[in-house]
>>> print(open('target37.txt').read())   # compact mmCIF, C-alpha atoms and all ligand atoms
# COMPACT_ATOMS: atom_id res chain seq x y z
CA MET A 23 -72.31 -123.31 -105.73
CA ARG A 24 -73.61 -122.08 -102.45
CA PRO A 25 -75.56 -118.84 -102.77
CA LEU A 26 -74.06 -115.98 -100.85
CA PRO A 27 -76.08 -114.54 -98.04
CA VAL A 28 -78.17 -111.62 -99.25
CA GLY A 29 -76.35 -109.05 -97.12
CA ALA A 30 -72.88 -110.27 -98.17
CA SER A 31 -73.81 -110.20 -101.83
CA ARG A 32 -75.03 -106.60 -101.65
CA SER A 33 -71.96 -105.58 -99.74
CA TYR A 34 -69.67 -107.22 -102.27
CA THR A 35 -71.49 -105.62 -105.21
CA THR A 36 -71.46 -102.18 -103.62
CA ARG A 37 -67.79 -102.36 -102.85
CA PHE A 38 -67.05 -103.58 -106.36
CA GLN A 39 -69.05 -100.73 -107.87
CA GLN A 40 -67.30 -98.18 -105.72
CA ALA A 41 -63.89 -99.53 -106.58
CA ALA A 42 -64.72 -99.61 -110.28
CA ALA A 43 -66.55 -96.30 -110.36
CA VAL A 44 -63.72 -94.16 -109.01
CA PRO A 45 -60.99 -95.15 -111.48
CA ASN A 46 -63.56 -95.16 -114.23
CA ASN A 47 -64.39 -91.52 -113.58
CA MET A 48 -60.75 -90.60 -113.49
CA GLN A 49 -60.19 -92.59 -116.67
CA ASN A 50 -63.00 -90.68 -118.33
CA THR A 51 -61.52 -87.41 -117.16
CA LEU A 52 -58.07 -88.31 -118.46
CA GLN A 53 -59.55 -89.55 -121.72
CA ALA A 54 -61.52 -86.32 -122.15
CA LEU A 55 -58.44 -84.24 -121.34
CA ARG A 56 -56.40 -86.18 -123.88
CA GLY A 57 -59.08 -85.47 -126.45
CA LEU A 58 -58.72 -81.76 -125.73
CA GLN A 59 -54.94 -81.99 -125.68
CA GLU A 60 -54.94 -83.39 -129.22
CA LEU A 61 -56.52 -80.13 -130.41
CA ASP A 62 -54.98 -77.78 -127.90
CA GLN A 63 -51.45 -78.29 -129.11
CA ASP A 64 -52.56 -77.15 -132.57
CA ILE A 65 -54.69 -74.36 -131.10
CA PHE A 66 -51.67 -73.14 -129.15
CA ARG A 67 -49.42 -73.29 -132.21
CA VAL A 68 -51.92 -71.53 -134.50
CA SER A 69 -52.64 -68.88 -131.84
CA GLN A 70 -48.93 -68.18 -131.58
CA GLU A 71 -48.84 -67.84 -135.35
CA VAL A 72 -51.77 -65.42 -135.31
CA ALA A 73 -49.92 -63.30 -132.72
CA ARG A 74 -46.53 -63.61 -134.43
CA LEU A 75 -47.48 -62.63 -138.00
CA PRO A 76 -48.50 -59.01 -137.33
CA ARG A 77 -45.49 -58.61 -135.02
CA GLU A 78 -43.18 -59.73 -137.81
CA LEU A 79 -44.76 -57.14 -140.10
CA GLU A 80 -44.36 -54.43 -137.46
CA GLN A 81 -40.69 -55.28 -137.04
CA ARG A 82 -40.13 -54.97 -140.79
CA ARG A 83 -41.97 -51.67 -140.82
CA ALA A 84 -39.82 -50.42 -137.95
CA ILE A 85 -36.63 -51.28 -139.86
CA ILE A 86 -37.86 -49.35 -142.92
CA ASN A 87 -38.96 -46.41 -140.76
CA ALA A 88 -35.53 -46.31 -139.13
CA ARG A 89 -33.94 -46.11 -142.58
CA ILE A 90 -36.32 -43.31 -143.58
CA ALA A 91 -35.38 -41.44 -140.40
CA GLU A 92 -31.69 -41.94 -141.20
CA ARG A 93 -32.24 -40.57 -144.71
CA GLN A 94 -34.10 -37.56 -143.35
CA SER A 95 -31.33 -36.79 -140.90
CA LEU A 96 -28.74 -36.99 -143.72
CA GLU A 97 -30.91 -34.69 -145.82
CA GLN A 98 -30.81 -32.18 -142.97
CA GLU A 99 -27.02 -32.46 -142.92
CA VAL A 100 -26.85 -31.83 -146.66
CA LEU A 101 -28.98 -28.71 -146.19
CA ALA A 102 -26.64 -27.52 -143.44
CA GLN A 103 -23.61 -28.06 -145.69
CA LYS A 104 -25.27 -26.21 -148.56
CA MET A 105 -26.17 -23.38 -146.22
CA LYS A 106 -22.50 -23.04 -145.26
CA VAL A 107 -21.51 -22.98 -148.96
CA LYS A 108 -24.09 -20.27 -149.61
CA GLU A 109 -22.78 -18.18 -146.71
CA LEU A 110 -19.22 -18.47 -148.04
CA GLU A 111 -20.38 -17.56 -151.54
CA ASP A 112 -22.15 -14.46 -150.22
CA MET A 113 -19.08 -13.53 -148.25
CA THR A 114 -16.72 -13.92 -151.25
CA THR A 115 -19.09 -11.88 -153.45
CA VAL A 116 -18.86 -9.02 -150.96
CA GLN A 117 -15.06 -9.47 -150.72
CA ARG A 118 -14.68 -9.40 -154.49
CA GLN A 119 -16.69 -6.18 -154.71
CA ARG A 120 -14.40 -4.70 -152.05
CA GLN A 121 -11.36 -5.96 -153.96
CA ARG A 122 -12.54 -4.23 -157.17
CA LYS A 123 -13.23 -1.03 -155.25
CA LEU A 124 -9.74 -1.11 -153.69
CA GLU A 125 -8.17 -1.85 -157.08
CA GLY A 126 -9.97 1.21 -158.47
CA GLU A 127 -8.76 3.36 -155.60
CA ALA A 128 -5.22 2.00 -155.94
CA ASN A 129 -5.18 2.91 -159.63
CA ALA A 130 -6.32 6.42 -158.74
CA SER A 131 -3.55 6.88 -156.14
CA ARG A 132 -0.73 5.49 -158.24
CA ALA A 133 1.47 8.49 -157.41
CA ASP A 134 1.59 7.75 -153.68
CA ALA A 135 3.91 4.75 -153.17
CA SER A 136 3.08 4.16 -149.51
CA MET A 137 -0.68 4.35 -150.19
CA LEU A 138 -0.26 1.96 -153.11
CA ALA A 139 1.60 -0.49 -150.91
CA ALA A 140 -1.19 -0.31 -148.31
CA TYR A 141 -3.85 -0.94 -150.99
CA GLN A 142 -1.89 -3.84 -152.44
CA HIS A 143 -1.44 -5.31 -148.98
CA GLU A 144 -5.19 -5.09 -148.38
CA ILE A 145 -6.00 -6.50 -151.85
CA ARG A 146 -3.67 -9.48 -151.30
CA LYS A 147 -5.32 -10.10 -147.94
CA ILE A 148 -8.77 -10.14 -149.54
CA LYS A 149 -7.61 -12.43 -152.36
CA ARG A 150 -6.17 -14.83 -149.78
CA GLU A 151 -9.40 -14.79 -147.78
CA VAL A 152 -11.49 -15.39 -150.92
CA SER A 153 -9.24 -18.25 -151.96
CA GLU A 154 -9.45 -19.81 -148.48
CA ALA A 155 -13.22 -19.41 -148.46
CA GLU A 156 -13.48 -21.07 -151.87
CA GLU A 157 -11.41 -23.98 -150.64
CA GLU A 158 -13.53 -24.31 -147.54
CA GLY A 159 -16.66 -24.12 -149.70
CA LEU A 160 -15.34 -26.90 -151.93
CA GLN A 161 -14.87 -29.11 -148.87
CA TYR A 162 -18.49 -28.54 -147.85
CA VAL A 163 -19.62 -29.33 -151.39
CA GLU A 164 -17.61 -32.54 -151.26
CA VAL A 165 -19.18 -33.53 -147.93
CA ALA A 166 -22.62 -32.74 -149.32
CA ASP A 167 -21.88 -34.89 -152.39
CA GLN A 168 -20.81 -37.80 -150.20
CA LEU A 169 -23.93 -37.42 -148.07
CA GLU A 170 -26.10 -37.34 -151.18
CA ALA A 171 -24.48 -40.53 -152.44
CA ARG A 172 -25.26 -42.18 -149.11
CA ILE A 173 -28.82 -40.87 -149.27
CA ALA A 174 -29.19 -42.40 -152.74
CA ASP A 175 -27.94 -45.78 -151.42
CA ILE A 176 -30.32 -45.65 -148.47
CA GLN A 177 -33.20 -44.68 -150.73
CA ALA A 178 -32.42 -47.62 -153.03
CA ALA A 179 -32.47 -49.93 -150.01
CA ILE A 180 -35.74 -48.38 -148.81
CA ASP A 181 -37.32 -48.87 -152.26
CA GLU A 182 -36.23 -52.51 -152.24
CA GLU A 183 -37.51 -53.07 -148.71
CA GLU A 184 -40.80 -51.37 -149.47
CA LYS A 185 -41.30 -53.81 -152.35
CA VAL A 186 -40.53 -56.76 -150.06
CA PHE A 187 -42.82 -55.26 -147.45
CA VAL A 188 -45.75 -55.12 -149.87
CA GLU A 189 -45.21 -58.81 -150.70
CA LEU A 190 -44.80 -59.72 -147.07
CA SER A 191 -47.96 -57.82 -146.12
CA ALA A 192 -49.93 -59.76 -148.70
CA ASN A 193 -48.46 -63.06 -147.46
CA VAL A 194 -49.11 -62.20 -143.83
CA GLU A 195 -52.67 -61.27 -144.63
CA LYS A 196 -53.18 -64.58 -146.42
CA GLU A 197 -51.51 -66.64 -143.69
CA LEU A 198 -53.37 -64.75 -141.02
CA SER A 199 -56.74 -65.41 -142.61
CA GLU A 200 -55.86 -69.10 -143.05
CA ALA A 201 -54.68 -69.35 -139.46
CA THR A 202 -57.76 -67.57 -138.15
CA GLU A 203 -59.97 -69.92 -140.12
CA LYS A 204 -58.06 -72.95 -138.86
CA LEU A 205 -58.30 -71.65 -135.31
CA ALA A 206 -62.06 -71.24 -135.64
CA GLY A 207 -62.36 -74.85 -136.86
CA LEU A 208 -60.21 -76.17 -134.04
CA THR A 209 -62.14 -74.16 -131.46
CA THR A 210 -65.45 -75.48 -132.74
CA GLU A 211 -64.11 -79.03 -132.56
CA ARG A 212 -62.81 -78.35 -129.06
CA ASP A 213 -66.22 -77.12 -127.92
CA LYS A 214 -67.69 -80.37 -129.20
CA ARG A 215 -65.13 -82.38 -127.27
CA MET A 216 -65.59 -80.42 -124.06
CA SER A 217 -66.99 -82.93 -121.66
CA ASP A 218 -68.79 -82.94 -118.32
CA SER A 219 -66.38 -85.59 -117.16
CA ILE A 220 -63.71 -82.93 -116.65
CA PRO A 221 -64.26 -81.26 -113.28
CA PRO A 222 -63.92 -77.44 -113.49
CA ASP A 223 -60.86 -77.30 -111.19
CA VAL A 224 -59.09 -79.93 -113.28
CA LEU A 225 -59.94 -78.01 -116.45
CA THR A 226 -58.56 -74.79 -114.94
CA GLU A 227 -55.34 -76.51 -113.93
CA TYR A 228 -55.06 -78.14 -117.35
CA GLU A 229 -55.53 -74.79 -119.13
CA LYS A 230 -52.96 -73.07 -116.92
CA LEU A 231 -50.51 -75.83 -117.80
CA LEU A 232 -51.27 -75.39 -121.50
CA GLN A 233 -50.06 -71.81 -121.28
CA ALA A 234 -47.11 -72.56 -119.03
CA ARG A 235 -45.96 -75.55 -121.08
CA GLU A 236 -46.42 -74.17 -124.59
CA GLY A 237 -49.56 -76.05 -125.51
CA LEU A 238 -48.59 -79.38 -123.99
CA ALA A 239 -50.29 -79.84 -120.63
CA MET A 240 -50.18 -83.64 -120.63
CA ALA A 241 -47.44 -86.16 -121.03
CA GLN A 242 -47.32 -89.91 -121.29
CA LEU A 243 -45.28 -91.78 -118.71
CA GLU A 244 -43.16 -94.34 -120.47
CA ASP A 245 -40.78 -96.60 -118.56
CA ARG A 246 -41.14 -94.17 -115.66
CA VAL A 247 -39.89 -91.33 -117.85
CA CYS A 248 -42.11 -88.29 -118.44
CA GLN A 249 -42.36 -87.82 -122.21
CA GLY A 250 -42.90 -84.10 -121.72
CA CYS A 251 -39.62 -83.27 -120.01
CA TYR A 252 -37.80 -86.62 -120.35
CA MET A 253 -37.06 -86.81 -116.64
CA GLY A 254 -37.44 -90.01 -114.64
CA VAL A 255 -40.12 -90.01 -111.94
CA PRO A 256 -40.23 -91.93 -108.64
CA ALA A 257 -41.94 -95.33 -108.59
CA ASN A 258 -44.83 -94.08 -106.46
CA ILE A 259 -45.84 -91.73 -109.28
CA TYR A 260 -46.38 -94.71 -111.54
CA VAL A 261 -48.35 -96.47 -108.81
CA ARG A 262 -50.57 -93.44 -108.26
CA ILE A 263 -51.34 -93.10 -111.97
CA ALA A 264 -52.00 -96.82 -112.34
CA ARG A 265 -54.37 -96.68 -109.38
CA GLY A 266 -56.27 -94.05 -111.35
CA ARG A 267 -57.88 -92.16 -108.52
CA GLU A 268 -56.36 -88.75 -108.95
CA ILE A 269 -54.69 -86.40 -111.39
CA VAL A 270 -50.96 -87.01 -111.09
CA ASN A 271 -48.49 -84.36 -112.22
CA CYS A 272 -44.90 -84.82 -113.26
CA PRO A 273 -42.77 -83.68 -110.29
CA ASN A 274 -40.42 -81.96 -112.71
CA CYS A 275 -42.48 -80.24 -115.43
CA ASN A 276 -45.84 -80.47 -113.67
CA ARG A 277 -47.59 -81.88 -116.75
CA ILE A 278 -50.54 -84.19 -116.16
CA LEU A 279 -49.23 -87.70 -116.59
CA PHE A 280 -51.02 -90.63 -118.22
CA LEU A 281 -50.11 -94.20 -119.10
CA GLN A 282 -50.30 -95.76 -122.55
CA SER A 283 -53.88 -96.99 -122.96
ZN ZN B 301 -42.27 -83.95 -116.97
>>> encode(input="target37.txt", output="structure tokens")
Amino acid sequence: MRPLPVGASRSYTTRFQQAAAVPNNMQNTLQALRGLQELDQDIFRVSQEVARLPRELEQRRAIINARIAERQSLEQEVLAQKMKVKELEDMTTVQRQRQRKLEGEANASRADASMLAAYQHEIRKIKREVSEAEEEGLQYVEVADQLEARIADIQAAIDEEEKVFVELSANVEKELSEATEKLAGLTTERDKRMSDSIPPDVLTEYEKLLQAREGLAMAQLEDRVCQGCYMGVPANIYVRIARGREIVNCPNCNRILFLQS
């Protein structure tokens, strides 16, 4: 085999190294990103959990508080009804006293027929008013009874929900501490995997995508279909990924695409 001229050999080697070095770097970057992605999907999920659990508890609390407010408002209504009953009772007491007084006066003026008729007319009027007031009072008592029955039902529901809430609080606390612990483990592992082969701008883009795409910033391209959004991509996308010189995003979901390695 004829030896290559010195200059040609160097030129060939340099060009080969350049050609190999570029895709290699990009391959390293993609590999490092995929290492992060493995953890980041879990980190995203567990973070969501950590945010969701206290919210769930707050929602439950709000439901119970709304019931308590409803009960309090019904209690106010009961008080108002009872106040009306009391007013009617006071009024009928006064009316009855007046009735007895008139009856006494009527007895005393028995001789005068027209006076007697006037007294009797007035006494009948008072009796009618007292009877109407008693009926009205009974209606208020009935309303108050109905309200009190509703209050008892609501209170029973509140008691039940408070019991559930105590259990739920304990569960949430347990799940939250487990999730926080898991998150710490994942974050430590992620720090270990963080690599210099990911340029800062690529990392920033990747992390933005993680948030925008619910923890999945990367997707494999399989038979020219993005496995993140299941949309087909143009042929040149495949060519660009295969060439391995740049980060290639899915034109539809924007995820960073990679090929099966
Ligand atoms: Zn996609």
>>> residues_near_ligand(input="target37.txt", ligand="ligand ZN 301 (chain B)", cutoff="7 Å", atoms="all atoms listed in the file", output="list in words")
Ala241, Cys248, Gln249, Gly250, Cys251, Tyr252, Met253, Cys272, Pro273, Asn274, Cys275, Asn276 and Arg277 of chain A
>>> closest_residue(input="target37.txt", among="A:Ile220, A:Lys149, A:Leu138, A:Glu99", to="Val116 in chain A", atoms="only C-alpha atoms")
A:Lys149
>>> residues_around(input="target37.txt", residues="Ala88 in chain A", least_positions_apart="3", cutoff="12 Å", atoms="all atoms listed in the file", output="list in words")
Gln81, Arg82, Arg83, Ala84, Ile85, Ala91, Glu92, Arg93, Gln94, Ser95, Ile176, Gln177, Ala179, Ile180 and Glu183 of chain A
>>> closest_residue(input="target37.txt", among="A:Val152, A:Leu231, A:Leu75, A:Ile65", to="Lys196 in chain A", atoms="only C-alpha atoms")
A:Leu75
>>> residues_around(input="target37.txt", residues="Ala54 in chain A", least_positions_apart="4", cutoff="10 Å", atoms="all atoms listed in the file", output="ChimeraX atom specification")
/A:48-50,58-59,215-220
>>> closest_residue(input="target37.txt", among="A:Val224, A:Gln233, A:Gln161, A:Gln117", to="Leu52 in chain A", atoms="only C-alpha atoms")
A:Val224
>>> residues_around(input="target37.txt", residues="Leu205 in chain A", least_positions_apart="6", cutoff="9 Å", atoms="all atoms listed in the file", output="count of residues only")
4
>>> closest_residue(input="target37.txt", among="A:Leu238, A:Val194, A:Tyr162, A:Leu208", to="Leu101 in chain A", atoms="all atoms listed in the file")
A:Tyr162
>>> atom_distance(input="target37.txt", atom1="CA of Val270 in chain A", atom2="CA of Leu243 in chain A")
10.6 Å
>>> atom_distance(input="target37.txt", atom1="CA of Ala73 in chain A", atom2="CA of Thr210 in chain A")
19.7 Å
>>> residues_around(input="target37.txt", residues="Thr114 in chain A", least_positions_apart="2", cutoff="10 Å", atoms="only C-alpha atoms", output="list in words")
Lys108, Glu109, Leu110, Glu111, Asp112, Val116, Gln117, Arg118, Gln119, Arg120, Gln121, Ile148, Lys149, Glu151, Val152, Ser153, Glu154, Ala155 and Glu156 of chain A
>>> residues_around(input="target37.txt", residues="Asp62 in chain A", least_positions_apart="5", cutoff="9 Å", atoms="all atoms listed in the file", output="count of residues only")
9
>>> atom_distance(input="target37.txt", atom1="CA of Met113 in chain A", atom2="CA of Val100 in chain A")
19.9 Å
>>> residues_near_point(input="target37.txt", point="(-26.2, -34.7, -148.2)", cutoff="9 Å", atoms="all atoms listed in the file", output="ChimeraX atom specification")
/A:96-104,165-173
>>> decode(input="target37.txt", residues="range 58-179 of chain A", atoms="C-alpha atoms", output="short mmCIF file (atom, residue, chain, number, x, y, z; two decimals), in the first residue's frame")
data_model
loop_
_atom_site.label_atom_id
_atom_site.label_comp_id
_atom_site.auth_asym_id
_atom_site.auth_seq_id
_atom_site.Cartn_x
_atom_site.Cartn_y
_atom_site.Cartn_z
CA LEU A 58 -32.21 13.72 32.94
CA GLN A 59 -35.52 13.03 31.24
CA GLU A 60 -35.70 9.61 32.88
CA LEU A 61 -35.76 11.33 36.27
CA ASP A 62 -37.54 14.51 35.29
CA GLN A 63 -40.77 12.79 34.39
CA ASP A 64 -40.91 11.38 37.92
CA ILE A 65 -39.76 14.68 39.42
CA PHE A 66 -42.56 16.45 37.55
CA ARG A 67 -45.14 13.90 38.67
CA VAL A 68 -44.03 13.94 42.32
CA SER A 69 -43.86 17.77 42.33
CA GLN A 70 -47.42 17.89 41.05
CA GLU A 71 -48.39 15.52 43.84
CA VAL A 72 -46.67 17.70 46.44
CA ALA A 73 -48.62 20.72 45.14
CA ARG A 74 -51.91 18.83 44.76
CA LEU A 75 -52.15 17.20 48.21
CA PRO A 76 -52.48 20.39 50.30
CA ARG A 77 -54.88 21.81 47.70
CA GLU A 78 -57.10 18.75 48.05
CA LEU A 79 -57.12 19.25 51.81
CA GLU A 80 -57.99 22.93 51.42
CA GLN A 81 -60.89 22.08 49.12
CA ARG A 82 -62.27 19.63 51.69
CA ARG A 83 -61.89 22.23 54.41
CA ALA A 84 -63.72 24.78 52.27
CA ILE A 85 -66.65 22.37 51.80
CA ILE A 86 -66.90 21.82 55.57
CA ASN A 87 -66.60 25.56 56.25
CA ALA A 88 -69.40 26.24 53.78
CA ARG A 89 -71.61 23.78 55.65
CA ILE A 90 -70.74 25.42 58.97
CA ALA A 91 -71.66 28.81 57.48
CA GLU A 92 -74.95 27.36 56.24
CA ARG A 93 -75.69 25.99 59.71
CA GLN A 94 -74.89 29.34 61.31
CA SER A 95 -77.19 31.16 58.92
CA LEU A 96 -80.02 28.70 59.71
CA GLU A 97 -79.37 29.21 63.42
CA GLN A 98 -79.85 32.94 62.88
CA GLU A 99 -83.15 32.21 61.13
CA VAL A 100 -84.29 30.06 64.05
CA LEU A 101 -83.48 32.91 66.42
CA ALA A 102 -85.49 35.31 64.25
CA GLN A 103 -88.47 32.93 64.27
CA LYS A 104 -88.26 32.51 68.04
CA MET A 105 -88.06 36.26 68.45
CA LYS A 106 -91.30 36.62 66.49
CA VAL A 107 -92.96 33.97 68.69
CA LYS A 108 -91.80 35.83 71.80
CA GLU A 109 -93.20 39.11 70.48
CA LEU A 110 -96.57 37.47 69.79
CA GLU A 111 -96.58 35.88 73.23
CA ASP A 112 -95.90 39.25 74.87
CA MET A 113 -98.63 40.81 72.79
CA THR A 114 -101.22 38.12 73.70
CA THR A 115 -100.30 38.41 77.40
CA VAL A 116 -101.11 42.11 77.25
CA GLN A 117 -104.31 41.40 75.28
CA ARG A 118 -105.44 38.79 77.79
CA GLN A 119 -104.90 41.23 80.66
CA ARG A 120 -107.00 43.78 78.75
CA GLN A 121 -109.64 41.12 78.10
CA ARG A 122 -109.89 40.30 81.84
CA LYS A 123 -110.10 44.01 82.67
CA LEU A 124 -112.90 44.51 80.12
CA GLU A 125 -114.72 41.41 81.40
CA GLY A 126 -114.56 42.90 84.91
CA GLU A 127 -115.89 46.22 83.69
CA ALA A 128 -118.63 44.50 81.68
CA ASN A 129 -119.75 42.59 84.77
CA ALA A 130 -119.89 45.87 86.69
CA SER A 131 -122.05 47.58 84.02
CA ARG A 132 -124.48 44.73 83.52
CA ALA A 133 -127.44 47.10 83.82
CA ASP A 134 -126.51 49.13 80.73
CA ALA A 135 -127.35 47.01 77.66
CA SER A 136 -125.63 49.23 75.10
CA MET A 137 -122.46 49.46 77.22
CA LEU A 138 -122.51 45.69 77.67
CA ALA A 139 -122.80 45.18 73.93
CA ALA A 140 -119.83 47.52 73.37
CA TYR A 141 -117.74 45.62 75.94
CA GLN A 142 -118.68 42.27 74.44
CA HIS A 143 -117.82 43.54 70.98
CA GLU A 144 -114.40 44.67 72.21
CA ILE A 145 -113.84 41.39 74.13
CA ARG A 146 -114.69 39.31 71.04
CA LYS A 147 -112.29 41.43 69.00
CA ILE A 148 -109.48 40.81 71.50
CA LYS A 149 -110.22 37.07 71.63
CA ARG A 150 -110.08 36.93 67.84
CA GLU A 151 -106.78 38.81 67.79
CA VAL A 152 -105.30 36.53 70.47
CA SER A 153 -106.44 33.46 68.58
CA GLU A 154 -104.95 34.77 65.32
CA ALA A 155 -101.70 35.63 67.08
CA GLU A 156 -101.52 32.14 68.59
CA GLU A 157 -102.02 30.62 65.16
CA GLU A 158 -99.36 32.83 63.67
CA GLY A 159 -97.04 31.94 66.56
CA LEU A 160 -97.62 28.24 65.93
CA GLN A 161 -96.58 28.70 62.30
CA TYR A 162 -93.33 30.34 63.41
CA VAL A 163 -92.73 27.51 65.87
CA GLU A 164 -93.28 25.03 63.06
CA VAL A 165 -90.82 26.85 60.79
CA ALA A 166 -88.29 26.96 63.63
CA ASP A 167 -88.75 23.20 64.20
CA GLN A 168 -88.17 22.50 60.52
CA LEU A 169 -85.07 24.69 60.53
CA GLU A 170 -83.77 22.93 63.63
CA ALA A 171 -84.26 19.55 61.96
CA ARG A 172 -82.25 20.79 58.98
CA ILE A 173 -79.58 22.13 61.32
CA ALA A 174 -79.36 18.71 62.98
CA ASP A 175 -78.92 17.04 59.56
CA ILE A 176 -76.24 19.51 58.55
CA GLN A 177 -74.47 19.07 61.87
CA ALA A 178 -74.51 15.29 61.42
CA ALA A 179 -72.97 15.74 57.97
#
